[in-house]
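Shown here: data_21.cif, mmCIF, C-alpha atoms.
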data_work
#
loop_
_atom_site.label_atom_id
_atom_site.label_comp_id
_atom_site.auth_asym_id
_atom_site.auth_seq_id
_atom_site.Cartn_x
_atom_site.Cartn_y
_atom_site.Cartn_z
CA MET A 18 -156.34 131.95 96.69
CA ARG A 19 -156.37 129.00 99.08
CA ALA A 20 -153.55 130.42 101.08
CA ARG A 21 -155.41 133.64 101.50
CA ASP A 22 -158.53 131.74 102.67
CA SER A 23 -156.61 129.82 105.22
CA THR A 24 -154.98 132.89 106.68
CA HIS A 25 -158.41 134.40 106.86
CA THR A 26 -159.87 131.48 108.87
CA HIS A 27 -156.76 131.32 110.90
CA THR A 28 -157.15 134.96 112.09
CA GLU A 29 -160.89 134.41 112.80
CA HIS A 30 -160.43 131.35 115.02
CA ALA A 31 -157.14 132.34 116.61
CA VAL A 32 -156.85 128.95 118.27
CA PRO A 33 -153.22 128.18 119.06
CA GLY A 34 -153.73 124.38 118.68
CA THR A 35 -155.02 124.59 115.10
CA ASP A 36 -152.59 127.36 114.25
CA GLY A 37 -149.73 124.96 113.59
CA ALA A 38 -151.87 122.57 111.56
CA ASP A 39 -153.30 125.39 109.50
CA ALA A 40 -149.86 126.86 108.97
CA VAL A 41 -148.51 123.54 107.71
CA ALA A 42 -151.40 122.84 105.34
CA PRO A 43 -150.89 125.74 102.95
CA THR A 44 -147.15 125.20 102.69
CA THR A 45 -147.62 121.56 101.72
CA GLU A 46 -150.22 122.60 99.22
CA ASN A 47 -147.80 125.19 97.91
CA GLY A 48 -145.09 122.60 97.76
CA GLU A 49 -147.28 120.22 95.77
CA GLN A 50 -148.18 122.98 93.43
CA GLN A 51 -144.56 123.84 92.88
CA HIS A 52 -143.81 120.20 92.33
CA GLU A 53 -146.57 119.90 89.75
CA GLU A 54 -145.18 122.91 87.98
CA GLN A 55 -141.74 121.40 87.96
CA THR A 56 -142.92 118.10 86.48
CA ASP A 57 -144.87 120.06 83.92
CA ASP A 58 -141.68 121.84 82.97
CA GLY A 59 -139.78 118.57 82.93
CA SER A 60 -142.22 116.78 80.64
CA ALA A 61 -142.45 119.78 78.40
CA ALA A 62 -138.67 120.17 78.08
CA PRO A 63 -137.76 117.18 75.82
CA SER A 64 -140.07 118.04 72.93
CA PRO A 65 -138.39 121.30 71.87
CA ALA A 66 -134.88 120.18 72.89
CA ALA A 67 -135.02 116.73 71.24
CA PRO A 68 -133.74 117.62 67.74
CA ARG A 69 -130.89 119.64 69.22
CA ARG A 70 -129.89 116.72 71.40
CA ARG A 71 -129.84 114.32 68.47
CA GLY A 72 -127.44 116.66 66.68
CA THR A 73 -125.03 116.96 69.60
CA GLY A 74 -125.43 113.23 70.17
CA ARG A 75 -123.82 112.45 66.86
CA ILE A 76 -120.87 114.72 67.65
CA ALA A 77 -120.64 113.26 71.14
CA THR A 78 -120.50 109.76 69.68
CA ALA A 79 -117.80 110.78 67.22
CA VAL A 80 -115.75 112.40 69.99
CA GLY A 81 -116.30 109.30 72.14
CA VAL A 82 -115.09 106.93 69.42
CA PHE A 83 -112.10 109.18 68.73
CA GLY A 84 -111.28 109.16 72.44
CA GLU A 85 -111.56 105.40 72.58
CA LEU A 86 -109.27 105.09 69.57
CA LEU A 87 -106.70 107.32 71.30
CA ILE A 88 -106.89 105.22 74.45
CA THR A 89 -106.50 102.10 72.33
CA ALA A 90 -103.47 103.57 70.56
CA GLY A 91 -101.93 104.40 73.93
CA LEU A 92 -102.51 100.87 75.20
CA VAL A 93 -101.02 99.38 72.01
CA LEU A 94 -97.90 101.55 72.37
CA GLY A 95 -97.66 100.54 76.01
CA LEU A 96 -97.92 96.90 74.99
CA PHE A 97 -95.19 97.47 72.40
CA VAL A 98 -92.87 98.68 75.15
CA VAL A 99 -93.74 95.57 77.18
CA TYR A 100 -93.07 93.49 74.09
CA SER A 101 -89.72 95.02 73.22
CA LEU A 102 -88.27 95.34 76.72
CA TRP A 103 -89.65 92.20 78.30
CA TRP A 104 -91.15 89.64 75.99
CA THR A 105 -88.28 89.66 73.44
CA ASN A 106 -85.91 89.10 76.37
CA VAL A 107 -87.92 86.09 77.50
CA LEU A 108 -87.85 84.58 74.01
CA ALA A 109 -84.18 85.42 73.38
CA ASP A 110 -82.95 84.12 76.75
CA ARG A 111 -84.82 80.89 76.17
CA GLU A 112 -83.32 80.52 72.71
CA ALA A 113 -79.80 81.49 73.85
CA ASP A 114 -79.95 78.97 76.71
CA LYS A 115 -81.02 76.28 74.32
CA GLN A 116 -78.27 77.05 71.83
CA GLY A 117 -75.68 77.48 74.57
CA ASN A 118 -76.54 74.11 76.08
CA LYS A 119 -76.24 72.54 72.66
CA VAL A 120 -72.75 73.99 72.23
CA ARG A 121 -71.68 72.66 75.63
CA ASP A 122 -73.19 69.29 74.79
CA THR A 123 -71.24 69.21 71.55
CA TRP A 124 -68.03 70.03 73.42
CA ALA A 125 -68.69 67.26 75.92
CA GLN A 126 -69.39 64.91 73.06
CA GLU A 127 -66.07 65.79 71.44
CA GLU A 128 -64.32 65.25 74.76
CA ASP A 129 -65.73 61.75 74.76
CA GLY A 130 -64.08 61.15 71.43
CA GLU A 131 -67.14 61.33 69.24
CA PRO A 132 -66.63 63.66 66.32
CA ALA A 133 -69.18 66.45 66.36
CA GLU A 134 -70.15 68.70 63.54
CA PHE A 135 -68.67 72.18 63.93
CA ASP A 136 -70.99 74.95 62.82
CA PRO A 137 -69.89 78.48 63.70
CA LYS A 138 -73.48 79.63 63.22
CA LYS A 139 -74.50 77.52 66.19
CA GLY A 140 -71.84 78.95 68.43
CA ILE A 141 -68.06 79.08 68.75
CA GLY A 142 -67.84 79.84 72.45
CA PHE A 143 -68.90 82.08 75.29
CA LEU A 144 -68.10 85.61 76.25
CA HIS A 145 -67.67 86.49 79.92
CA VAL A 146 -67.57 90.13 80.93
CA PRO A 147 -67.93 90.20 84.73
CA THR A 148 -68.35 93.99 84.94
CA MET A 149 -71.14 93.95 82.38
CA SER A 150 -73.12 90.84 83.20
CA LYS A 151 -72.92 87.77 85.37
CA ASP A 152 -74.17 85.57 82.59
CA GLU A 153 -72.16 84.06 79.81
CA ILE A 154 -72.99 85.20 76.31
CA LEU A 155 -73.03 82.75 73.47
CA VAL A 156 -70.97 83.89 70.49
CA SER A 157 -71.78 82.74 67.01
CA LYS A 158 -71.24 83.75 63.42
CA GLY A 159 -73.01 86.69 61.84
CA THR A 160 -74.58 89.94 62.95
CA SER A 161 -77.88 89.85 61.09
CA THR A 162 -80.87 91.07 63.07
CA ASP A 163 -82.59 87.69 63.00
CA HIS A 164 -79.46 86.09 64.32
CA LEU A 165 -78.82 88.59 67.11
CA ASN A 166 -82.47 88.35 68.12
CA ASP A 167 -81.70 84.88 69.48
CA GLY A 168 -79.99 86.55 72.43
CA ILE A 169 -76.43 85.91 71.31
CA ALA A 170 -73.40 88.03 70.47
CA GLY A 171 -72.51 87.73 66.80
CA TYR A 172 -69.04 88.15 65.33
CA TYR A 173 -68.84 90.30 62.25
CA THR A 174 -68.59 88.80 58.80
CA ASP A 175 -69.63 92.02 57.11
CA PRO A 176 -68.55 94.78 56.45
CA VAL A 177 -65.23 93.81 58.11
CA LYS A 178 -64.59 90.17 58.78
CA ALA A 179 -63.67 89.37 62.35
CA THR A 180 -60.50 87.47 63.14
CA LEU A 181 -61.36 84.58 65.40
CA PRO A 182 -59.16 84.11 68.47
CA ALA A 183 -58.73 80.45 67.65
CA SER A 184 -57.05 81.35 64.36
CA ASP A 185 -54.07 82.63 66.39
CA LYS A 186 -53.53 85.44 63.89
CA ASN A 187 -53.31 89.13 64.56
CA GLY A 188 -56.59 90.88 63.99
CA ASN A 189 -59.78 92.12 65.50
CA PHE A 190 -62.38 89.86 67.06
CA SER A 191 -65.36 92.14 66.55
CA LEU A 192 -68.71 91.39 68.17
CA ALA A 193 -72.19 92.90 68.27
CA ALA A 194 -75.15 92.24 70.55
CA HIS A 195 -78.37 93.92 71.60
CA ARG A 196 -78.45 96.70 74.17
CA ASP A 197 -82.20 96.40 74.89
CA GLY A 198 -84.62 93.64 74.21
CA HIS A 199 -83.82 90.34 72.54
CA GLY A 200 -81.72 89.25 75.49
CA ALA A 201 -80.12 92.70 75.94
CA LYS A 202 -76.77 90.96 76.29
CA PHE A 203 -74.72 94.17 76.06
CA HIS A 204 -77.17 96.24 78.10
CA ASN A 205 -74.61 97.24 80.73
CA ILE A 206 -71.77 97.90 78.33
CA HIS A 207 -71.39 101.37 79.89
CA LYS A 208 -70.24 99.70 83.13
CA ILE A 209 -67.10 98.41 81.45
CA GLU A 210 -64.07 100.49 82.26
CA LYS A 211 -60.46 100.50 81.15
CA GLY A 212 -58.59 97.59 82.67
CA ASP A 213 -61.65 95.35 83.01
CA PRO A 214 -61.30 91.81 81.74
CA ILE A 215 -63.19 90.33 78.81
CA VAL A 216 -62.85 86.58 78.66
CA PHE A 217 -63.71 84.48 75.67
CA GLU A 218 -64.17 80.80 76.35
CA SER A 219 -63.75 78.34 73.53
CA LYS A 220 -63.74 74.59 73.78
CA ASP A 221 -60.06 74.37 74.68
CA GLU A 222 -58.95 77.85 75.67
CA TRP A 223 -59.69 80.86 77.81
CA TYR A 224 -58.74 84.02 75.96
CA VAL A 225 -58.29 86.78 78.49
CA TYR A 226 -58.55 90.28 77.05
CA LYS A 227 -58.09 93.54 78.89
CA VAL A 228 -60.13 96.61 78.01
CA TYR A 229 -57.85 99.49 76.97
CA ALA A 230 -60.23 101.94 75.25
CA VAL A 231 -63.88 102.88 75.23
CA LEU A 232 -65.67 104.99 72.64
CA PRO A 233 -69.01 105.97 74.18
CA GLU A 234 -70.50 107.40 71.02
CA THR A 235 -69.73 107.06 67.35
CA SER A 236 -71.58 107.09 64.06
CA LYS A 237 -73.25 103.92 62.93
CA TYR A 238 -71.32 104.20 59.69
CA ASN A 239 -67.97 104.18 61.46
CA VAL A 240 -66.82 100.76 60.28
CA ASP A 241 -63.19 101.67 61.00
CA VAL A 242 -63.73 100.62 64.61
CA LEU A 243 -63.81 97.05 63.32
CA SER A 244 -60.52 97.19 61.46
CA ALA A 245 -57.65 94.85 62.30
CA ILE A 246 -55.76 97.74 63.89
CA PRO A 247 -58.47 100.04 65.27
CA LYS A 248 -56.74 103.43 65.00
CA GLU A 249 -59.38 105.28 67.00
CA SER A 250 -58.52 103.17 70.02
CA GLY A 251 -54.98 104.53 69.83
CA LYS A 252 -53.33 101.37 68.53
CA LYS A 253 -50.85 101.51 65.69
CA LYS A 254 -49.37 98.04 65.71
CA ALA A 255 -50.96 94.78 64.74
CA GLY A 256 -52.16 92.75 67.67
CA LYS A 257 -54.93 90.53 68.92
CA TYR A 258 -57.84 92.81 69.68
CA ILE A 259 -61.44 92.38 70.65
CA THR A 260 -64.17 94.91 69.84
CA LEU A 261 -67.65 95.01 71.37
CA THR A 262 -70.24 97.10 69.54
CA THR A 263 -73.80 97.90 70.48
CA CYS A 264 -76.25 100.75 70.17
CA THR A 265 -76.40 103.84 72.35
CA PRO A 266 -78.06 105.73 74.04
CA VAL A 267 -80.06 103.08 75.85
CA PHE A 268 -83.44 102.29 74.25
CA THR A 269 -82.50 103.90 70.95
CA SER A 270 -79.89 103.34 68.33
CA ASN A 271 -78.77 106.76 67.21
CA TYR A 272 -75.12 105.97 67.83
CA ARG A 273 -72.82 103.05 68.52
CA TYR A 274 -70.93 102.27 71.71
CA ILE A 275 -67.54 100.66 71.26
CA VAL A 276 -65.29 98.84 73.73
CA TRP A 277 -61.82 97.67 72.75
CA GLY A 278 -59.69 95.08 74.46
CA GLU A 279 -56.34 93.48 73.81
CA LEU A 280 -55.40 89.87 74.37
CA GLU A 281 -53.42 89.49 77.55
CA ARG A 282 -52.93 85.77 77.75
CA VAL A 283 -54.40 82.43 76.75
CA GLU A 284 -55.10 79.70 79.27
CA LYS A 285 -55.72 76.07 78.52
CA VAL A 286 -59.08 74.79 79.66
CA ASP A 287 -58.55 72.08 82.27
CA GLU A 288 -60.66 69.03 83.06
CA GLU A 289 -63.06 70.88 85.36
CA ARG A 290 -63.16 73.92 83.08
CA THR A 291 -61.83 76.00 85.97
CA PRO A 292 -62.34 79.62 84.94
CA PRO A 293 -59.35 81.99 84.92
CA GLU A 294 -58.89 84.16 87.99
CA GLU A 295 -60.67 87.11 86.36
CA LEU A 296 -63.96 85.21 86.52
CA ARG A 297 -63.61 83.89 90.04
CA MET B 26 -116.97 101.80 70.05
CA TYR B 27 -116.39 99.52 73.01
CA GLY B 28 -119.95 100.18 74.17
CA TRP B 29 -121.16 99.13 70.75
CA ILE B 30 -119.21 95.87 70.96
CA TRP B 31 -120.42 95.29 74.51
CA ARG B 32 -124.06 95.69 73.47
CA ARG B 33 -123.61 93.15 70.69
CA LEU B 34 -122.11 90.46 72.92
CA PRO B 35 -124.61 87.75 73.85
CA GLY B 36 -125.49 86.58 77.33
CA ASN B 37 -125.59 88.31 80.69
CA VAL B 38 -122.96 90.55 82.22
CA TRP B 39 -120.67 87.72 83.31
CA ILE B 40 -120.71 85.95 79.97
CA ARG B 41 -120.08 89.27 78.23
CA ALA B 42 -117.19 90.01 80.59
CA LEU B 43 -115.71 86.58 79.89
CA ILE B 44 -116.01 87.03 76.12
CA SER B 45 -114.45 90.50 76.45
CA VAL B 46 -111.45 89.06 78.30
CA VAL B 47 -111.03 86.39 75.63
CA LEU B 48 -111.24 89.04 72.91
CA VAL B 49 -108.64 91.22 74.65
CA LEU B 50 -106.29 88.25 75.05
CA ALA B 51 -106.76 87.37 71.39
CA VAL B 52 -105.84 90.92 70.38
CA VAL B 53 -102.75 90.89 72.63
CA TYR B 54 -101.71 87.53 71.17
CA VAL B 55 -102.03 88.79 67.59
CA LEU B 56 -100.04 91.92 68.51
CA PHE B 57 -97.21 90.02 70.23
CA GLN B 58 -97.07 87.21 67.70
CA TYR B 59 -97.48 89.02 64.41
CA VAL B 60 -97.79 92.80 64.57
CA PHE B 61 -94.90 93.75 66.89
CA PRO B 62 -92.32 91.39 65.34
CA TRP B 63 -93.25 92.90 61.98
CA ALA B 64 -93.12 96.49 63.23
CA GLU B 65 -89.96 96.26 65.31
CA PRO B 66 -87.32 96.16 62.56
CA LEU B 67 -89.01 99.15 60.93
CA LEU B 68 -88.39 101.27 64.01
CA PRO B 69 -84.94 102.66 64.78
CA PHE B 70 -84.56 101.30 68.30
CA ASN B 71 -82.43 98.23 67.98
CA ASP B 72 -79.74 98.47 65.32
CA VAL B 73 -76.56 97.48 67.08
CA THR B 74 -74.02 96.93 64.34
CA VAL B 75 -71.81 99.38 62.54
CA ASP B 76 -72.45 99.26 58.87
CA ASP B 77 -71.43 101.17 55.80
CA GLN B 78 -74.91 101.17 54.32
#
Can the structure in the file be given as structure tokens, please?
Amino acid sequence: MRARDSTHTHTEHAVPGTDGADAVAPTTENGEQQHEEQTDDGSAAPSPAAPRRRGTGRIATAVGVFGELLITAGLVLGLFVVYSLWWTNVLADREADKQGNKVRDTWAQEEDGEPAEFDPKKGIGFLHVPTMSKDEILVSKGTSTDHLNDGIAGYYTDPVKATLPASDKNGNFSLAAHRDGHGAKFHNIHKIEKGDPIVFESKDEWYVYKVYAVLPETSKYNVDVLSAIPKESGKKKAGKYITLTTCTPVFTSNYRYIVWGELERVEKVDEERTPPEELR
Amino acid sequence: MYGWIWRRLPGNVWIRALISVVLVLAVVYVLFQYVFPWAEPLLPFNDVTVDDQ
């Protein structure tokens, strides 16, 4: 109605100066009207829609909580990976260093003439495998999980008892260590090739073994690999062997990875503990 | 869930944020110290020995 009035006056006067002002006025009035209508709609909207929204709200909350639980589960799994691939290594390396230092201290003590208590559970020596790792690996008795979790290599007592190199008898010096986590001492076992040296360092001797066979995958029940004459490695005669076992493929333990070596020579440890040429 | 916890924390935003961080660290500590060491041997990721059992 107003708009019609204004156009009416506007045609009567026909003054160009007021034309613009008149033309603006109705549009603003229209705009305000539209605005009022919109706010009316807006304020009217919640009352009929409210119950519906409360219903969907409950579902939305449930979905939200479910989503948050999924995110939480993902984060926990992620943390578990951090735990098993990093934190257990930190703990195990710390523990292995501590135990290794203790063994070296005991050796030094014995050198000085003081009798020291010998406990194979605390360590009998160190394994050096240059192609696998630059670090030395403490070797001690037993292959229980708790024991291996200290970041050491354990020699088997069960199901087949390992023959220790120091015993000077024919047999198999069988060892196990972790592939991932807990020090991951045998992580790079796949880098060992035929002909590579494995050196075991005891208080008085360097036992230099040479790798002659690798079995990249075998059943975890295959205890024959530990036998005194490991037939699968191709040996038929008694000898002084070393066997490294760990799990494979990396990050799982579906199978076992086996590396066999044979004793090549034994060197006396000198005053400075000069390593054999394989380690230089 | 997290919103619910957040609304129940006392103090202003900064204090709430601080408490949240402490809570998260506490959860991580409990996981690393107790839950994961318990769960790990139950999972088939780290058996390295050959065994006849």
With all atoms listed in the file counted and 8 Å as the cut-off, give the residues of segment 26-76 of chain B in contact with segment 236-244 of chain A, each with its shortest interatomic distance in Å and the pair that gives it, as a tab-separated table.
residue	atom	partner	partner_atom	distance
B:Thr74	CA	A:Lys237	CA	7.2
B:Val75	CA	A:Lys237	CA	4.8
B:Asp76	CA	A:Tyr238	CA	5.1
Go ahead and dump the residues you just picked, C-alpha atoms, as a JSON list (two decimals), keeping the file's coordinate frame.
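Written file, again_14.json:
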[["chain", "number", "residue", "atom", "x", "y", "z"],
["B", 74, "THR", "CA", -74.02, 96.93, 64.34],
["B", 75, "VAL", "CA", -71.81, 99.38, 62.54],
["B", 76, "ASP", "CA", -72.45, 99.26, 58.87]]
Closest-contact table, chain B side, partner chain A, 7 Å, counting only C-alpha atoms, as JSON lines:
{"residue": "B:Met26", "atom": "CA", "partner": "A:Val82", "partner_atom": "CA", "distance": 5.5}
{"residue": "B:Phe57", "atom": "CA", "partner": "A:Tyr100", "partner_atom": "CA", "distance": 6.6}
{"residue": "B:Phe61", "atom": "CA", "partner": "A:Phe97", "partner_atom": "CA", "distance": 6.7}
{"residue": "B:Pro69", "atom": "CA", "partner": "A:Ser270", "partner_atom": "CA", "distance": 6.2}
{"residue": "B:Phe70", "atom": "CA", "partner": "A:Thr269", "partner_atom": "CA", "distance": 4.2}
{"residue": "B:Asn71", "atom": "CA", "partner": "A:Ser270", "partner_atom": "CA", "distance": 5.7}
{"residue": "B:Asp72", "atom": "CA", "partner": "A:Ser270", "partner_atom": "CA", "distance": 5.7}
{"residue": "B:Val73", "atom": "CA", "partner": "A:Thr263", "partner_atom": "CA", "distance": 4.4}
{"residue": "B:Thr74", "atom": "CA", "partner": "A:Ala193", "partner_atom": "CA", "distance": 5.9}
{"residue": "B:Val75", "atom": "CA", "partner": "A:Lys237", "partner_atom": "CA", "distance": 4.8}
{"residue": "B:Asp76", "atom": "CA", "partner": "A:Tyr238", "partner_atom": "CA", "distance": 5.1}
{"residue": "B:Asp77", "atom": "CA", "partner": "A:Tyr238", "partner_atom": "CA", "distance": 4.9}
Would you pick out the contacts of Pro292 of chain A at 12 Å or less, using all atoms listed in the file, so that residues sharing its chain but fewer than 2 positions from it are not included, and give the list as a list in words?
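Residues meeting the cut-off are Phe143, His145, Pro147, Glu153, Val216, Phe217, Glu218, Ser219, Asp221, Glu222, Trp223, Tyr224, Val225, Val283, Glu284, Lys285, Val286, Asp287, Glu288, Glu289, Arg290, Glu294, Glu295, Leu296 and Arg297 of chain A.
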Filtering to C-alpha atoms, could you give me those residues as a PDB file, keeping the file's coordinate frame?
ATOM      1  CA  PHE A 143     -68.900  82.080  75.290  1.00  0.00           C
ATOM      2  CA  HIS A 145     -67.670  86.490  79.920  1.00  0.00           C
ATOM      3  CA  PRO A 147     -67.930  90.200  84.730  1.00  0.00           C
ATOM      4  CA  GLU A 153     -72.160  84.060  79.810  1.00  0.00           C
ATOM      5  CA  VAL A 216     -62.850  86.580  78.660  1.00  0.00           C
ATOM      6  CA  PHE A 217     -63.710  84.480  75.670  1.00  0.00           C
ATOM      7  CA  GLU A 218     -64.170  80.800  76.350  1.00  0.00           C
ATOM      8  CA  SER A 219     -63.750  78.340  73.530  1.00  0.00           C
ATOM      9  CA  ASP A 221     -60.060  74.370  74.680  1.00  0.00           C
ATOM     10  CA  GLU A 222     -58.950  77.850  75.670  1.00  0.00           C
ATOM     11  CA  TRP A 223     -59.690  80.860  77.810  1.00  0.00           C
ATOM     12  CA  TYR A 224     -58.740  84.020  75.960  1.00  0.00           C
ATOM     13  CA  VAL A 225     -58.290  86.780  78.490  1.00  0.00           C
ATOM     14  CA  VAL A 283     -54.400  82.430  76.750  1.00  0.00           C
ATOM     15  CA  GLU A 284     -55.100  79.700  79.270  1.00  0.00           C
ATOM     16  CA  LYS A 285     -55.720  76.070  78.520  1.00  0.00           C
ATOM     17  CA  VAL A 286     -59.080  74.790  79.660  1.00  0.00           C
ATOM     18  CA  ASP A 287     -58.550  72.080  82.270  1.00  0.00           C
ATOM     19  CA  GLU A 288     -60.660  69.030  83.060  1.00  0.00           C
ATOM     20  CA  GLU A 289     -63.060  70.880  85.360  1.00  0.00           C
ATOM     21  CA  ARG A 290     -63.160  73.920  83.080  1.00  0.00           C
ATOM     22  CA  GLU A 294     -58.890  84.160  87.990  1.00  0.00           C
ATOM     23  CA  GLU A 295     -60.670  87.110  86.360  1.00  0.00           C
ATOM     24  CA  LEU A 296     -63.960  85.210  86.520  1.00  0.00           C
ATOM     25  CA  ARG A 297     -63.610  83.890  90.040  1.00  0.00           C
TER      26      ARG A 297
END
Between A:Arg75, A:His204, A:Lys151, A:Lys158, which has the minimum distance to Leu102 of chain A (counting all atoms listed in the file)?
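The answer is A:His204, which sits nearest to Leu102 of chain A.
This file, filtered with the PyMOL selection byres ((chain B and resi 31) around 12), gives the residues Met26, Tyr27, Gly28, Trp29, Ile30, Arg32, Arg33, Leu34, Pro35, Gly36, Asn37, Val38, Trp39, Ile40, Arg41, Ala42, Leu43, Ile44, Ser45, Val46 and Leu48 of chain B.
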Let me know the residues the PyMOL selection byres ((chain A and resi 247) around 12) catches in the file above, as a ChimeraX atom specification.
/A:177,188-191,229-232,239-246,248-260,275-279
Could you jot down the atom CA of Lys115 of chain A to atom CA of Gly168 of chain A separation for me, Å, one decimal place?
10.5 Å
Please indicate the distance in Å from atom CA of Leu67 of chain B to atom CA of Lys139 of chain A, rounded to one decimal place.
26.6 Å
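Atom to atom, atom CA of Tyr226 of chain A and atom CA of Val146 of chain A stand 9.8 Å apart.
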I'd like the contact shell of Ala109 of chain A - 6 Å cut-off, all atoms listed in the file, skipping same-chain residues fewer than 2 positions apart - returned as a ChimeraX atom specification.
/A:105-107,111-113,167-168,199-200
Residues at most 9 Å from Pro132 of chain A, counting all atoms listed in the file, excluding those fewer than 5 positions away in the same chain, as a list in words?
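Final neighbour list, sorted by chain and number: Thr123, Gln126 and Glu127 of chain A.
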